[in-house]
Amino acid sequence: MSILLSTSLLLKMLGVAIPLGMAFVVLLQGRGRLNVLFSLMILAIALWNGGTFMLHVTGWTGLPGFEMWLTVALLGLLSLPLTFYLLTLELSDLISPVVRRISVGVGFVSLVVTWLLILMTDLGIRVAARPDGMLDYALETSSPPLLLTLIYTIGYFALAESILLWPLYAARRRKEPIPTGRIQLALGGALVVLAGLQETIPAIGQYPLDSVLMIVATLVFAYLILKEHLFDPLAKLNAQLEDANRRLQEANIALQTSYLKAKEADRLKSEFVANISHELRTPLNAIIGFAQVILNEIDGPLTDAQREDLSAIYTSAQHLLNLVNDILDLSKIEAGKMELHKEWVDIKELVYGVMATTLTLIGDKDIKLIERVAEGLPPVYVDRTRIRQVILNLLSNAAKFTERGTITLTVDRLVETVGSRPQLFLLFTVADTGIGIAPENIPIVFEEFRQVDSSISRQAEGTGLGLPISKRLVELHGGRLWVESRVGVGSRFCFTLPFHISPAEKHEGGDKDE
């Protein structure tokens with residue numbers, strides 16, 4: 001096998017494989033009209049290259065079928081001008097719809113007539129195989145079918161190339177920049193025209209230049225189509241993503257700046273509130289102290305009117321002091337400066353002290369106060385003052401919103417899974433038979449300065465800080481606080497405290513081990 005034949009066969013195979021592969025890739029991007037027309041042109045190129053490949057093989061090996069493969073090759077070659085013209089029409093809007101329809105119709109008729117001439121006559125094209133497998137082309141220029149075929153072929157190649165070149169000429173006359181895509185289109189079109197017309201020149205028809213030109217033209221058109229349908233959208237999407245990422249980074253920086261400013265403002269607010277609270281407590285304690293001295297008649301007897309006025313001053317000052325203390329506690333917690341002074345506390349002793357204070361909160365209401373403390377509870381390691389504050393807040397809250405019935409404080413053990421291990425907790429439950437809380441209002445009760453909107457809650461005194469502070473204090477101890485409630489039935493406020501092994505228990509455990 002000669003080098004020329006080997007090269008021809010290789011290029012013919014590539015001329016089939018590459019166009020069909022590019023057609024497949026283009027069709028994957030969608031079956032729009034442009035993609036389908038490109039695939040039809042590619043099919044024509046593949047038919048020509050496949051047919052001429054088999055012509056070389058049958059001519060070199062002497063196998064039958066030479067005439068059949070010549071017909072296949074010519075069908076592909078003569079389909080190329082019209083498919084190429086249709087593709088250029090889709091890429092341009094220079095021709096009016098009427099002219100488009102007429103020219104396409106004439107093209108289809110000419111193609112059908114040409115195919116019939118191929119199938120029924122010899123068309124005036126002579127192709128002979130040499131002993132080395134190469135092909136010799138000869139044209140009978142006096143053959144009317146051949147002249148008709150040449151007119152159809154050259155005419156539609158010329159129309160297609162004119163459509164591609166005219167925008168370049170017009171842009172140059174207007175002194176406008178010529179789009180790179182248009183230049184590539186014109187180049188691809190010129191390659192297709194040269195490849196198609198090469199076969200009309202017998203002197204160079206034996207060389208596989210047509211396959212080279214068609215492969216390059218295929219790659220040019222496939223690149224332009226993929227650029228429009230794939231690369232450009234991807235580039236646009238990438239640019240949009242980069243822009244979105246840039247805006248996101250800017251927003252993130254602005255958000256971080258705002259967060260730092262808000263954090264600093266919150267710190268300054270907490271410091272201001274703490275300082276103001278400290279400053280208010282001193283005169284309030286003085287007012288309460290002197291009012292108490294006068295009420296005890298240390299400085300002399302009081303009239304009933306004086307005692308009533310002083311009692312009002314004393315009560316209001318106490319309420320204001322409680323408010324200041326709550327705000328001070330909240331500001332300390334938010335600033336992370338709340339210190340817990342933990343010690344080992346006996347639960348029964350703590351509960352009995354709180355219940356005694358709660359009796360004064362109930363007053364003349366028809367409420368029965370009940371306590372249920374489980375037997376054998378060991379001491380807990382907590383801040384006595386703060387846990388007493390939590391229990392008293394819950395009992396005080398229950399007394400405010402309960403007119404009759406019962407308020408029950410229960411203390412028992414509870415085992416909860418923390419992570420993957422069970423852990424023992426102490427469970428405190430304050431249950432009442434009060435007005436209850438609607439489900440949509442339950443999250444509100446743990447928000448600062450918020451109260452459930454009802455007539456009784458508005459009548460009851462309070463800042464809306466008791467429950468939020470209690471929740472924070474419980475969480476600082478490693479427990480949690482929650483509420484279960486039904487309107488008209490009552491509420492159950494529960495919180496947990498983790499158990500710790502006391503030094504006495506550790507000592508006893510060590511003795512047992514010994």
# chains A, B, ... in the order shown; residues from 1 in each chain; ligands from 1
$ select_by_dssp --residues "range 307-357 of chain A" --states "strand (DSSP E or B)" --output "list in words"
Lys342, Glu343, Trp344 and Val345 of chain A
$ write_last_selection --atoms "all heavy atoms" --output "mmCIF file, in the first residue's frame"
data_model
loop_
_atom_site.group_PDB
_atom_site.id
_atom_site.type_symbol
_atom_site.label_atom_id
_atom_site.label_comp_id
_atom_site.auth_asym_id
_atom_site.auth_seq_id
_atom_site.Cartn_x
_atom_site.Cartn_y
_atom_site.Cartn_z
ATOM 1 N N LYS A 342 -20.940 28.660 93.164
ATOM 2 C CA LYS A 342 -21.542 27.352 93.420
ATOM 3 C C LYS A 342 -21.129 26.790 94.781
ATOM 4 O O LYS A 342 -20.017 27.025 95.254
ATOM 5 C CB LYS A 342 -21.169 26.367 92.304
ATOM 6 C CG LYS A 342 -21.767 26.708 90.954
ATOM 7 C CD LYS A 342 -21.455 25.632 89.936
ATOM 8 C CE LYS A 342 -22.102 25.925 88.593
ATOM 9 N NZ LYS A 342 -21.845 24.865 87.604
ATOM 10 N N GLU A 343 -22.047 26.051 95.323
ATOM 11 C CA GLU A 343 -21.814 25.345 96.575
ATOM 12 C C GLU A 343 -22.747 24.144 96.621
ATOM 13 O O GLU A 343 -23.669 24.014 95.818
ATOM 14 C CB GLU A 343 -22.087 26.279 97.766
ATOM 15 C CG GLU A 343 -23.513 26.852 97.753
ATOM 16 C CD GLU A 343 -23.740 27.808 98.907
ATOM 17 O OE1 GLU A 343 -23.344 27.452 100.032
ATOM 18 O OE2 GLU A 343 -24.303 28.892 98.675
ATOM 19 N N TRP A 344 -22.497 23.253 97.578
ATOM 20 C CA TRP A 344 -23.376 22.088 97.725
ATOM 21 C C TRP A 344 -24.610 22.501 98.515
ATOM 22 O O TRP A 344 -24.513 23.023 99.622
ATOM 23 C CB TRP A 344 -22.642 20.940 98.435
ATOM 24 C CG TRP A 344 -21.538 20.387 97.570
ATOM 25 C CD1 TRP A 344 -20.222 20.646 97.686
ATOM 26 C CD2 TRP A 344 -21.706 19.515 96.463
ATOM 27 N NE1 TRP A 344 -19.520 19.988 96.703
ATOM 28 C CE2 TRP A 344 -20.421 19.275 95.933
ATOM 29 C CE3 TRP A 344 -22.794 18.901 95.861
ATOM 30 C CZ2 TRP A 344 -20.201 18.464 94.846
ATOM 31 C CZ3 TRP A 344 -22.572 18.096 94.767
ATOM 32 C CH2 TRP A 344 -21.294 17.877 94.258
ATOM 33 N N VAL A 345 -25.769 22.310 97.886
ATOM 34 C CA VAL A 345 -27.034 22.802 98.448
ATOM 35 C C VAL A 345 -27.980 21.639 98.692
ATOM 36 O O VAL A 345 -28.147 20.782 97.809
ATOM 37 C CB VAL A 345 -27.688 23.828 97.494
ATOM 38 C CG1 VAL A 345 -29.032 24.301 98.036
ATOM 39 C CG2 VAL A 345 -26.760 25.012 97.252
#
$ residues_around --residues "Ile151 in chain A" --least-positions-apart "6" --cutoff "10 Å" --atoms "only C-alpha atoms" --output "count of residues only"
3
$ atom_distance --atom1 "CA of Asp132 in chain A" --atom2 "CA of Val57 in chain A"
10.3 Å
$ residues_around --residues "Ser211 in chain A" --least-positions-apart "4" --cutoff "7 Å" --atoms "only C-alpha atoms" --output "count of residues only"
5
$ atom_distance --atom1 "CA of Pro378 in chain A" --atom2 "CA of Arg413 in chain A"
10.3 Å
$ closest_residue --among "A:Ile442, A:Val112, A:Leu94, A:Ile225" --to "Ser162 in chain A" --atoms "only C-alpha atoms"
A:Leu94
